[in-house]
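Okay, coords.cif is below, mmCIF, C-alpha atoms and all ligand atoms:
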data_protein
#
loop_
_atom_site.label_atom_id
_atom_site.label_comp_id
_atom_site.auth_asym_id
_atom_site.auth_seq_id
_atom_site.Cartn_x
_atom_site.Cartn_y
_atom_site.Cartn_z
CA MET A 1004 -3.49 -4.39 -27.19
CA LYS A 1005 -6.56 -2.69 -25.74
CA PHE A 1006 -4.71 -0.74 -23.06
CA ASP A 1007 -1.32 0.76 -23.74
CA PHE A 1008 0.72 0.49 -20.55
CA ASP A 1009 3.98 0.88 -22.50
CA LYS A 1010 3.46 4.55 -23.30
CA VAL A 1011 5.76 6.88 -21.35
CA TYR A 1012 4.21 10.20 -20.31
CA ASP A 1013 5.98 13.34 -19.18
CA ARG A 1014 4.36 14.07 -15.81
CA LYS A 1015 6.64 16.99 -14.96
CA ASN A 1016 5.04 20.35 -14.08
CA THR A 1017 1.79 18.77 -12.93
CA ASN A 1018 2.35 19.17 -9.18
CA SER A 1019 3.22 15.48 -9.14
CA LEU A 1020 4.74 14.52 -5.79
CA LYS A 1021 6.73 11.83 -7.59
CA TRP A 1022 8.08 13.93 -10.45
CA ASP A 1023 8.09 17.60 -9.38
CA PHE A 1024 9.46 17.78 -5.85
CA ALA A 1025 12.94 16.31 -5.96
CA ILE A 1026 14.70 19.48 -4.79
CA GLU A 1027 12.22 20.17 -2.00
CA ARG A 1028 12.80 16.62 -0.79
CA HIS A 1029 16.58 16.89 -1.01
CA HIS A 1030 16.98 14.78 -4.13
CA SER A 1031 18.48 15.63 -7.46
CA PRO A 1032 16.03 16.18 -10.36
CA ASP A 1033 18.02 13.72 -12.49
CA GLU A 1034 17.18 10.80 -10.19
CA LEU A 1035 14.56 8.56 -11.81
CA PRO A 1036 11.71 8.45 -9.27
CA MET A 1037 10.59 4.95 -8.28
CA TRP A 1038 9.72 5.63 -4.68
CA VAL A 1039 6.20 6.77 -3.76
CA ALA A 1040 3.42 4.28 -4.57
CA ASP A 1041 1.94 6.24 -7.46
CA MET A 1042 1.78 4.63 -10.91
CA ASP A 1043 3.18 6.07 -14.13
CA PHE A 1044 0.05 5.00 -16.00
CA PRO A 1045 -2.91 7.30 -16.59
CA SER A 1046 -6.10 6.26 -14.81
CA PRO A 1047 -8.58 4.27 -16.91
CA GLU A 1048 -10.63 6.35 -19.31
CA PRO A 1049 -14.03 6.01 -17.59
CA ILE A 1050 -12.61 7.93 -14.62
CA GLY A 1051 -11.54 10.90 -16.75
CA GLU A 1052 -14.89 10.83 -18.55
CA ALA A 1053 -16.81 10.83 -15.27
CA LEU A 1054 -14.76 13.76 -14.00
CA ILE A 1055 -15.31 15.78 -17.18
CA LYS A 1056 -19.03 15.16 -17.00
CA ALA A 1057 -19.22 16.01 -13.31
CA SER A 1058 -17.14 19.15 -13.58
CA SER A 1059 -18.84 20.51 -16.71
CA PHE A 1060 -22.07 20.80 -14.70
CA GLY A 1061 -20.30 23.47 -12.69
CA PHE A 1062 -21.61 22.79 -9.19
CA PHE A 1063 -19.17 21.70 -6.52
CA GLY A 1064 -21.27 21.95 -3.38
CA TYR A 1065 -21.32 19.78 -0.25
CA THR A 1066 -21.51 16.18 -1.30
CA GLU A 1067 -22.89 13.23 0.60
CA PRO A 1068 -22.40 9.62 -0.48
CA GLY A 1069 -25.65 7.64 -0.56
CA ASP A 1070 -26.59 3.98 -0.16
CA PRO A 1071 -25.94 3.24 -3.87
CA ASP A 1072 -22.34 4.50 -3.43
CA ARG A 1073 -21.82 2.17 -0.47
CA ARG A 1074 -23.27 -0.68 -2.51
CA ILE A 1075 -20.78 0.03 -5.30
CA VAL A 1076 -17.87 -0.44 -2.87
CA SER A 1077 -19.40 -3.59 -1.42
CA GLU A 1078 -20.01 -5.04 -4.89
CA TRP A 1079 -16.41 -4.34 -5.94
CA TYR A 1080 -15.17 -6.29 -2.91
CA ASP A 1081 -17.63 -9.07 -3.68
CA ARG A 1082 -16.69 -9.29 -7.37
CA ARG A 1083 -12.95 -9.02 -6.88
CA HIS A 1084 -12.41 -10.65 -3.48
CA GLY A 1085 -15.40 -12.88 -2.81
CA PHE A 1086 -16.47 -10.95 0.29
CA LYS A 1087 -19.58 -8.80 0.34
CA PRO A 1088 -19.39 -6.34 3.21
CA ASP A 1089 -22.66 -4.91 4.48
CA PRO A 1090 -22.93 -1.52 2.72
CA ASP A 1091 -24.12 -0.01 6.02
CA SER A 1092 -20.68 -0.76 7.47
CA ILE A 1093 -19.01 1.75 5.14
CA ILE A 1094 -17.88 5.21 6.20
CA PHE A 1095 -16.02 7.52 3.83
CA THR A 1096 -12.85 9.37 4.79
CA PRO A 1097 -10.28 11.24 2.66
CA GLY A 1098 -7.53 8.63 2.95
CA THR A 1099 -6.44 5.26 4.21
CA VAL A 1100 -3.76 6.67 6.49
CA PHE A 1101 -6.28 9.24 7.66
CA GLY A 1102 -8.78 6.44 8.27
CA LEU A 1103 -6.43 4.27 10.27
CA THR A 1104 -5.24 7.27 12.26
CA VAL A 1105 -8.84 8.05 13.24
CA ALA A 1106 -9.14 4.43 14.42
CA ILE A 1107 -6.06 4.88 16.62
CA LEU A 1108 -7.49 8.08 18.07
CA ALA A 1109 -10.95 6.61 18.56
CA PHE A 1110 -9.97 3.32 20.18
CA THR A 1111 -6.86 4.09 22.21
CA ASN A 1112 -5.81 6.62 24.82
CA PRO A 1113 -2.46 8.43 24.93
CA ASP A 1114 0.39 6.02 25.78
CA ASP A 1115 -1.66 2.95 24.86
CA ALA A 1116 0.29 0.40 22.82
CA VAL A 1117 -0.25 -0.12 19.08
CA MET A 1118 1.67 -2.91 17.34
CA ILE A 1119 2.96 -3.12 13.77
CA SER A 1120 4.99 -5.82 11.97
CA GLU A 1121 8.15 -4.41 10.45
CA PRO A 1122 9.39 -3.84 7.86
CA VAL A 1123 6.14 -2.05 7.05
CA TYR A 1124 4.76 1.03 5.29
CA TYR A 1125 6.33 3.79 7.37
CA PRO A 1126 3.26 6.00 7.96
CA PHE A 1127 2.04 3.23 10.29
CA SER A 1128 4.73 4.03 12.86
CA GLU A 1129 4.26 7.76 12.33
CA ALA A 1130 0.50 7.50 12.95
CA VAL A 1131 1.23 5.81 16.28
CA ILE A 1132 4.15 7.92 17.50
CA ASP A 1133 2.88 11.30 16.28
CA ASN A 1134 -0.37 10.76 18.16
CA GLY A 1135 1.35 10.02 21.45
CA ARG A 1136 0.68 6.28 21.46
CA LYS A 1137 3.32 3.69 22.29
CA LEU A 1138 4.74 1.89 19.25
CA VAL A 1139 5.37 -1.85 19.61
CA ARG A 1140 7.58 -3.17 16.83
CA ASN A 1141 6.92 -6.77 15.96
CA THR A 1142 9.34 -8.09 13.33
CA LEU A 1143 8.58 -10.31 10.35
CA ILE A 1144 11.02 -13.15 9.77
CA LEU A 1145 12.79 -13.57 6.44
CA GLY A 1146 13.10 -17.30 5.75
CA GLU A 1147 15.73 -19.18 3.77
CA ASP A 1148 13.14 -19.46 1.01
CA GLY A 1149 13.19 -15.66 0.60
CA LYS A 1150 9.71 -15.33 2.07
CA TYR A 1151 8.69 -13.20 5.03
CA SER A 1152 6.41 -14.65 7.67
CA PHE A 1153 5.13 -14.00 11.17
CA ASP A 1154 6.79 -15.35 14.26
CA PHE A 1155 3.51 -15.92 16.07
CA ASP A 1156 5.19 -16.71 19.39
CA SER A 1157 6.79 -13.30 19.60
CA PHE A 1158 3.66 -11.75 18.07
CA GLU A 1159 1.55 -13.04 20.96
CA LYS A 1160 4.22 -12.47 23.59
CA GLN A 1161 4.58 -8.83 22.62
CA ILE A 1162 0.82 -8.34 22.65
CA VAL A 1163 0.64 -9.67 26.21
CA GLU A 1164 3.79 -8.05 27.59
CA GLU A 1165 3.12 -4.64 26.08
CA ASN A 1166 -0.64 -4.70 26.68
CA VAL A 1167 -1.32 -3.96 23.01
CA LYS A 1168 -4.70 -2.38 22.21
CA ILE A 1169 -4.53 -2.20 18.39
CA TYR A 1170 -2.68 -4.24 15.79
CA LEU A 1171 -2.15 -2.54 12.41
CA LEU A 1172 -2.31 -5.27 9.77
CA CYS A 1173 -0.93 -4.56 6.30
CA SER A 1174 -2.57 -7.01 3.89
CA PRO A 1175 -1.13 -7.51 1.29
CA HIS A 1176 2.03 -6.34 2.98
CA ASN A 1177 3.97 -3.30 1.79
CA PRO A 1178 6.98 -3.50 1.30
CA VAL A 1179 7.66 -7.26 1.49
CA GLY A 1180 4.92 -8.23 -0.97
CA ARG A 1181 3.33 -11.00 1.05
CA VAL A 1182 -0.27 -11.98 0.41
CA TRP A 1183 -1.11 -13.53 3.77
CA THR A 1184 -2.63 -16.99 3.63
CA GLU A 1185 -5.88 -17.96 5.30
CA ASP A 1186 -3.93 -19.82 8.01
CA GLU A 1187 -1.80 -16.80 8.77
CA LEU A 1188 -4.79 -14.47 8.89
CA ARG A 1189 -6.72 -16.90 11.11
CA ARG A 1190 -3.79 -17.04 13.53
CA ILE A 1191 -3.78 -13.24 13.69
CA GLY A 1192 -7.54 -13.34 14.23
CA GLU A 1193 -7.31 -15.92 17.03
CA ILE A 1194 -4.50 -14.19 18.90
CA THR A 1195 -6.01 -10.72 18.67
CA LEU A 1196 -9.45 -11.93 19.77
CA LYS A 1197 -7.92 -13.89 22.66
CA HIS A 1198 -6.18 -10.78 23.96
CA ASN A 1199 -8.86 -8.26 23.07
CA VAL A 1200 -6.73 -6.43 20.51
CA LEU A 1201 -8.59 -4.47 17.84
CA VAL A 1202 -7.31 -5.11 14.31
CA VAL A 1203 -7.04 -2.21 11.89
CA ALA A 1204 -6.56 -3.89 8.52
CA ASP A 1205 -5.12 -1.84 5.67
CA GLU A 1206 -6.13 -3.65 2.48
CA ILE A 1207 -5.28 -0.91 0.00
CA HIS A 1208 -3.09 -3.27 -2.10
CA ALA A 1209 -5.72 -6.03 -2.33
CA ASP A 1210 -6.23 -5.71 -6.07
CA PHE A 1211 -2.56 -6.47 -6.87
CA VAL A 1212 -2.09 -10.20 -6.40
CA TYR A 1213 -0.10 -12.50 -8.69
CA GLU A 1214 0.19 -16.12 -9.73
CA ASP A 1215 -1.63 -18.60 -7.52
CA ASN A 1216 -1.72 -16.32 -4.50
CA TYR A 1217 -5.16 -15.48 -3.22
CA PHE A 1218 -6.19 -12.42 -1.26
CA ILE A 1219 -8.54 -12.98 1.66
CA SER A 1220 -10.13 -9.99 3.28
CA PHE A 1221 -9.43 -10.20 7.00
CA PRO A 1222 -12.95 -9.48 8.34
CA SER A 1223 -14.41 -12.15 6.03
CA LEU A 1224 -12.87 -14.89 8.21
CA SER A 1225 -15.71 -14.92 10.75
CA ASP A 1226 -18.33 -12.63 12.25
CA GLU A 1227 -16.32 -12.48 15.44
CA ILE A 1228 -13.18 -11.41 13.58
CA GLY A 1229 -15.19 -9.01 11.41
CA ASN A 1230 -16.67 -7.32 14.47
CA ASN A 1231 -13.16 -6.85 15.80
CA THR A 1232 -11.84 -5.23 12.61
CA ILE A 1233 -11.66 -1.76 11.14
CA LEU A 1234 -11.01 -2.29 7.44
CA CYS A 1235 -9.29 0.56 5.56
CA THR A 1236 -9.10 0.65 1.80
CA ALA A 1237 -9.17 3.07 -1.15
CA PRO A 1238 -9.45 3.09 -4.93
CA SER A 1239 -6.30 5.22 -5.11
CA LYS A 1240 -3.65 2.50 -5.55
CA THR A 1241 -5.64 0.40 -8.00
CA PHE A 1242 -6.74 3.26 -10.25
CA ASN A 1243 -3.89 5.70 -9.64
CA THR A 1244 -6.15 8.34 -8.15
CA ALA A 1245 -4.24 9.36 -5.01
CA GLY A 1246 -4.86 13.00 -5.91
CA LEU A 1247 -8.62 12.39 -5.62
CA GLN A 1248 -9.03 11.69 -1.97
CA ILE A 1249 -11.62 9.19 -0.85
CA SER A 1250 -11.21 6.10 1.25
CA PRO A 1251 -13.93 3.69 2.35
CA ILE A 1252 -13.53 2.46 5.92
CA MET A 1253 -15.61 -0.60 6.89
CA ILE A 1254 -16.68 -1.10 10.49
CA PHE A 1255 -18.97 -4.04 11.07
CA ASP A 1256 -19.74 -3.64 14.77
CA SER A 1257 -22.32 -0.88 15.20
CA ASP A 1258 -20.94 0.38 18.53
CA LYS A 1259 -17.47 0.69 17.06
CA ARG A 1260 -18.93 2.42 14.01
CA ARG A 1261 -20.67 4.96 16.25
CA ILE A 1262 -17.46 5.64 18.22
CA TYR A 1263 -15.45 5.99 15.01
CA LYS A 1264 -17.97 8.41 13.45
CA LYS A 1265 -17.94 10.53 16.59
CA LYS A 1266 -14.14 10.84 16.43
CA LEU A 1267 -14.30 11.60 12.72
CA GLY A 1268 -16.69 14.48 13.45
CA ALA A 1269 -14.63 15.65 16.40
CA ILE A 1270 -11.58 16.16 14.23
CA GLY A 1271 -13.66 18.20 11.80
CA TYR A 1272 -14.32 15.92 8.83
CA SER A 1273 -17.81 15.61 7.41
CA GLN A 1274 -18.54 15.57 3.66
CA VAL A 1275 -16.63 13.85 0.89
CA ASP A 1276 -14.90 15.39 -2.09
CA TYR A 1277 -17.39 15.62 -4.96
CA LEU A 1278 -14.94 14.75 -7.75
CA ALA A 1279 -13.29 11.98 -5.75
CA LEU A 1280 -16.69 10.36 -5.23
CA GLU A 1281 -17.46 10.53 -8.96
CA ALA A 1282 -14.07 9.01 -9.75
CA MET A 1283 -14.60 6.22 -7.23
CA LYS A 1284 -17.99 5.33 -8.69
CA ALA A 1285 -16.56 5.07 -12.21
CA ALA A 1286 -13.55 3.14 -10.94
CA TYR A 1287 -15.53 0.51 -9.08
CA THR A 1288 -18.13 -0.01 -11.81
CA LYS A 1289 -16.48 0.47 -15.21
CA CYS A 1290 -12.84 -0.53 -14.99
CA ASP A 1291 -12.58 -4.25 -14.18
CA GLU A 1292 -11.04 -5.13 -17.51
CA TRP A 1293 -8.46 -2.37 -17.19
CA VAL A 1294 -7.45 -3.62 -13.71
CA ASP A 1295 -7.03 -7.18 -15.02
CA ALA A 1296 -4.76 -5.94 -17.80
CA LEU A 1297 -2.85 -3.66 -15.42
CA VAL A 1298 -2.15 -6.47 -12.95
CA ASP A 1299 -0.89 -8.67 -15.82
CA TYR A 1300 1.39 -5.89 -17.03
CA ILE A 1301 2.87 -5.26 -13.58
CA HIS A 1302 3.38 -8.99 -13.11
CA GLU A 1303 5.42 -8.98 -16.33
CA ASN A 1304 7.46 -6.08 -14.93
CA ILE A 1305 8.14 -8.09 -11.80
CA LEU A 1306 9.29 -11.10 -13.85
CA TYR A 1307 11.40 -8.85 -16.06
CA MET A 1308 13.15 -7.33 -13.06
CA GLU A 1309 13.63 -10.71 -11.44
CA GLY A 1310 15.30 -12.06 -14.59
CA PHE A 1311 17.50 -8.98 -14.86
CA VAL A 1312 18.61 -9.14 -11.23
CA LYS A 1313 19.40 -12.87 -11.43
CA GLU A 1314 21.41 -12.52 -14.59
CA ARG A 1315 23.05 -9.13 -14.36
CA LEU A 1316 22.95 -8.13 -10.70
CA PRO A 1317 23.58 -11.41 -8.88
CA GLU A 1318 24.82 -9.56 -5.77
CA LEU A 1319 21.25 -8.40 -5.13
CA LYS A 1320 18.39 -10.51 -3.79
CA MET A 1321 14.94 -9.57 -4.93
CA ILE A 1322 12.11 -10.77 -2.71
CA HIS A 1323 9.50 -12.21 -5.06
CA PRO A 1324 6.31 -10.20 -4.50
CA GLN A 1325 3.09 -12.19 -4.23
CA GLY A 1326 1.17 -8.93 -4.25
CA THR A 1327 1.48 -5.09 -4.34
CA TYR A 1328 3.36 -3.33 -7.15
CA LEU A 1329 6.41 -2.84 -4.97
CA THR A 1330 9.53 -4.94 -4.79
CA TRP A 1331 11.87 -5.29 -1.89
CA VAL A 1332 15.49 -5.85 -2.74
CA ASP A 1333 18.34 -6.88 -0.47
CA PHE A 1334 21.60 -5.04 -1.24
CA SER A 1335 23.47 -6.27 1.83
CA GLU A 1336 25.84 -8.53 -0.10
CA LEU A 1337 27.46 -5.38 -1.50
CA GLY A 1338 28.78 -4.78 2.02
CA LEU A 1339 27.95 -1.05 2.03
CA ASN A 1340 26.87 0.90 5.09
CA SER A 1341 23.58 2.85 4.86
CA ARG A 1342 25.28 6.05 3.77
CA ASP A 1343 27.30 4.38 1.01
CA LEU A 1344 24.28 2.45 -0.21
CA GLU A 1345 22.32 5.72 -0.45
CA ARG A 1346 25.22 7.23 -2.37
CA LEU A 1347 25.26 4.29 -4.78
CA ILE A 1348 21.52 4.54 -5.43
CA ARG A 1349 21.21 8.30 -5.64
CA GLU A 1350 24.53 9.62 -6.89
CA ASP A 1351 25.87 6.72 -8.95
CA ALA A 1352 22.72 5.04 -10.26
CA LYS A 1353 20.65 8.27 -10.23
CA LEU A 1354 17.62 6.55 -8.82
CA TRP A 1355 15.11 7.77 -6.26
CA LEU A 1356 13.98 4.70 -4.31
CA ASP A 1357 12.70 4.26 -0.77
CA ALA A 1358 15.56 3.21 1.51
CA GLY A 1359 14.76 0.08 3.48
CA PHE A 1360 15.56 1.45 6.93
CA ILE A 1361 12.60 3.85 6.81
CA PHE A 1362 10.33 0.78 6.99
CA GLY A 1363 11.96 -0.29 10.26
CA LYS A 1364 15.34 -1.41 11.49
CA SER A 1365 15.04 -4.81 9.82
CA GLY A 1366 14.79 -3.02 6.47
CA ASP A 1367 18.39 -1.82 6.69
CA GLY A 1368 20.34 -2.83 3.58
CA PHE A 1369 17.15 -3.10 1.47
CA GLN A 1370 15.61 -0.76 -1.09
CA ARG A 1371 12.00 -0.60 -2.26
CA PHE A 1372 11.27 -0.23 -5.98
CA ASN A 1373 7.93 0.78 -7.44
CA LEU A 1374 7.28 -1.32 -10.57
CA ALA A 1375 4.03 0.34 -11.65
CA ALA A 1376 5.59 2.05 -14.64
CA PRO A 1377 6.04 1.47 -18.37
CA ARG A 1378 8.63 -1.25 -19.08
CA LYS A 1379 10.98 1.31 -20.61
CA LEU A 1380 11.33 3.10 -17.28
CA ILE A 1381 12.00 -0.17 -15.48
CA GLU A 1382 14.66 -1.04 -18.06
CA ASP A 1383 16.20 2.40 -17.67
CA ALA A 1384 16.26 2.06 -13.88
CA LEU A 1385 17.86 -1.38 -13.93
CA GLU A 1386 20.50 -0.35 -16.45
CA ARG A 1387 21.37 2.67 -14.29
CA LEU A 1388 21.69 0.37 -11.32
CA GLU A 1389 23.80 -2.14 -13.24
CA ARG A 1390 26.27 0.55 -14.31
CA ALA A 1391 26.62 1.73 -10.71
CA VAL A 1392 27.11 -1.78 -9.34
CA ILE A 1393 29.64 -2.71 -12.05
CA ALA A 1394 31.70 0.34 -11.06
CA ILE A 1395 32.11 -0.95 -7.51
CA ARG A 1396 32.38 -4.65 -8.32
CA LYS A 1397 35.63 -6.10 -7.04
C1 LIG B 1 -0.16 0.09 2.85
C2 LIG B 1 -0.55 1.47 2.42
N1 LIG B 1 -1.54 2.11 3.07
C3 LIG B 1 -1.93 3.35 2.71
C4 LIG B 1 -1.32 4.03 1.66
C5 LIG B 1 -1.72 5.42 1.32
O1 LIG B 1 -3.09 5.52 1.29
P1 LIG B 1 -3.79 6.94 1.35
O2 LIG B 1 -3.16 7.79 0.30
O3 LIG B 1 -5.23 6.59 1.06
O4 LIG B 1 -3.59 7.47 2.72
C6 LIG B 1 -0.28 3.40 0.97
C7 LIG B 1 0.41 4.10 -0.11
O5 LIG B 1 1.43 3.72 -0.56
C8 LIG B 1 0.10 2.09 1.35
O6 LIG B 1 1.08 1.44 0.71
#

Just give me the structure as structure tokens.
Amino acid sequence: MKFDFDKVYDRKNTNSLKWDFAIERHHSPDELPMWVADMDFPSPEPIGEALIKASSFGFFGYTEPGDPDRRIVSEWYDRRHGFKPDPDSIIFTPGTVFGLTVAILAFTNPDDAVMISEPVYYPFSEAVIDNGRKLVRNTLILGEDGKYSFDFDSFEKQIVEENVKIYLLCSPHNPVGRVWTEDELRRIGEITLKHNVLVVADEIHADFVYEDNYFISFPSLSDEIGNNTILCTAPSKTFNTAGLQISPIMIFDSDKRRIYKKKLGAIGYSQVDYLALEAMKAAYTKCDEWVDALVDYIHENILYMEGFVKERLPELKMIHPQGTYLTWVDFSELGLNSRDLERLIREDAKLWLDAGFIFGKSGDGFQRFNLAAPRKLIEDALERLERAVIAIRK
């Protein structure tokens, strides 16, 4: 095998948020961490090589991305997702959450309504509430087929009744693993255009899509939809470079781009991180084959876990992810309240997962697992969980 995703590395004592800060975050150091979306695979070699080359030169001055850097991002999207954004639309920020927060600040006033569809990546609600905007919680519906979808009637009703100004779209959707279809995205596009709601689309998980699912970039649907979209992405999920902060934000309408840039300056951000830019360039130009192999490996992890849960943990229901490297698992059949479920996961199974309720009320009774890890760690985690569940089985 060309890339060895099976190798387990000891990441302790590297300032790793995932591996080194259990005590500070009120967890026990013997809990196996499968929470934060950070992969237990080293980044592809061309990234390390680019960083060594860039740092050995010894200059770390102010750094400005140029047109070729914007073209690299645009060409990645074109090659991987069949959509070639105009390179001039791209603005660089240090992070996706940072980028979407700037959009909220730039295009809403205090107390304006911003809508999200829960359960969803929890920094979305924090970005709204912590900036004094009104959070509108739309809820995704879990069907009998184990698939989440939009209830477009309530989606539109809430937009109208709450006078929503921005909709934060998560595509593919963390934590429920949906890769939204063209029909679903078009419906979102139609409703938001009809009611003059700006869409901030977080597409950070776009490179992780499985089976016959197909990722469609939201602004690619039409010029009208594109001009009403702020697209936020980053190389950090795909290449495991969250510690190298750079995030391309695409804004297709020139007036919106001007307003966004003004806000970005007003909050004090100007130049990009020199090493992060070098890493991004290597990532988007030299690592396609690695990403293909990575996605295959994670897909195998998903299938492995699914088989394990079906056979050995039949009380649990795993939502089959169409995309992302996260899985969303329903523990409600165990009949535990939130506190007892946390105790089971943390104290009995010795796992550090993300509890479902932090993604919104409808996530209560669920847990989110991160499957971007060597198979051995996934096996270890599932065996820990099995032992804990067996102990409480009636
Ligand atoms: C949907 C989503 N957006 C954004 C991020 C974080 O991006 P960044 O580190 O660029 O802020 C994550 C990380 O898990 C995520 O799942």

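Environment of (-2.5, 4.8, 10.2): residues at most 8 Å away, judged by all atoms listed in the file, are Thr1099, Val1100, Phe1101, Gly1102, Leu1103, Thr1104, Val1105, Ala1106, Ile1107, Pro1126, Phe1127, Ser1128, Glu1129, Ala1130, Val1131 and Leu1171 of chain A.
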
Enclose the full set of atoms of ligand LIG 1 (chain B) listed in the file within a box whose edges lie along x, y and z, apply 8 Å of padding to each of the six sides, and report centre and edge lengths in Å to one decimal as AutoDock Vina command-line options.
--center_x -1.9 --center_y 3.9 --center_z 1.3 --size_x 22.7 --size_y 23.7 --size_z 19.6

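Separating CA of Cys1173 (chain A) from CA of Pro1049 (chain A) is a distance of 29.2 Å.
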
Item to complete: Extract, using all atoms listed in the file, all DNA, RNA and protein residues at most 12 Å from Leu1280 (chain A), discarding same-chain residues fewer than 3 positions from it, and format them as a VMD selection string.
Response: chain A and resid 1050 1053 to 1054 1057 1063 1065 to 1069 1071 to 1073 1075 to 1076 1095 to 1097 1237 to 1239 1244 1247 to 1251 1274 to 1277 1283 to 1287

Using only C-alpha atoms, find each residue in region 1301-1358 of chain A having at least one atom no more than 12 Å away from region 1179-1190 of chain A; report its shortest atom-to-atom pair and that distance in Å (one decimal), rows by chain then rising number, as a tab-separated table.
residue	atom	partner	partner_atom	distance
A:Ile1305	CA	A:Gly1180	CA	11.3
A:Met1321	CA	A:Val1179	CA	10.0
A:Ile1322	CA	A:Val1179	CA	7.1
A:His1323	CA	A:Gly1180	CA	7.3
A:Pro1324	CA	A:Gly1180	CA	4.3
A:Gln1325	CA	A:Arg1181	CA	5.4
A:Gly1326	CA	A:Gly1180	CA	5.0
A:Thr1327	CA	A:Gly1180	CA	5.7
A:Tyr1328	CA	A:Gly1180	CA	8.0
A:Leu1329	CA	A:Gly1180	CA	6.9
A:Thr1330	CA	A:Gly1180	CA	6.8
A:Trp1331	CA	A:Val1179	CA	5.7
A:Val1332	CA	A:Val1179	CA	9.0
A:Asp1333	CA	A:Val1179	CA	10.9

Tell me, as a PyMOL selection string, which residues lie within 10 Å of region 1116-1125 of chain A, counting only C-alpha atoms; anything in the same chain fewer than 2 positions away does not count.
chain A and resi 1107+1111-1114+1127-1132+1135-1144+1151-1154+1158+1161-1162+1165-1173+1176-1179+1200-1202+1359-1367

Counting all atoms listed in the file, closest pick from A:Asp1091, A:Lys1353, A:Glu1034, A:Leu1278 relative to Phe1062 (chain A) is A:Leu1278

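Of the listed residues (A:Ala1375, A:Leu1306, A:Leu1267, A:Ala1040), A:Ala1040 comes nearest to ligand LIG 1 (chain B); the distances count all atoms listed in the file.
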
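Considering the residues A:Ser1174, A:Asn1304, A:Thr1017, A:Thr1241 and counting only C-alpha atoms and all ligand atoms, ligand LIG 1 (chain B) has its shortest atom-to-atom contact with A:Ser1174.
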
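Around region 1307-1318 of chain A, within 10 Å and counting all atoms listed in the file, the residues found are Ile1301, Thr1330, Val1332, Asp1333, Phe1334, Ser1335, Glu1336, Leu1337, Gly1338, Leu1374, Arg1378, Ile1381, Glu1382, Ala1384, Leu1385, Glu1386, Leu1388, Glu1389, Arg1390, Val1392, Ile1393 and Arg1396 of chain A, once anything fewer than 6 positions away on its own chain is removed.
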
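Taking CA of Arg1387 (chain A) and CA of Glu1345 (chain A) as the two end points, the separation is 14.2 Å.
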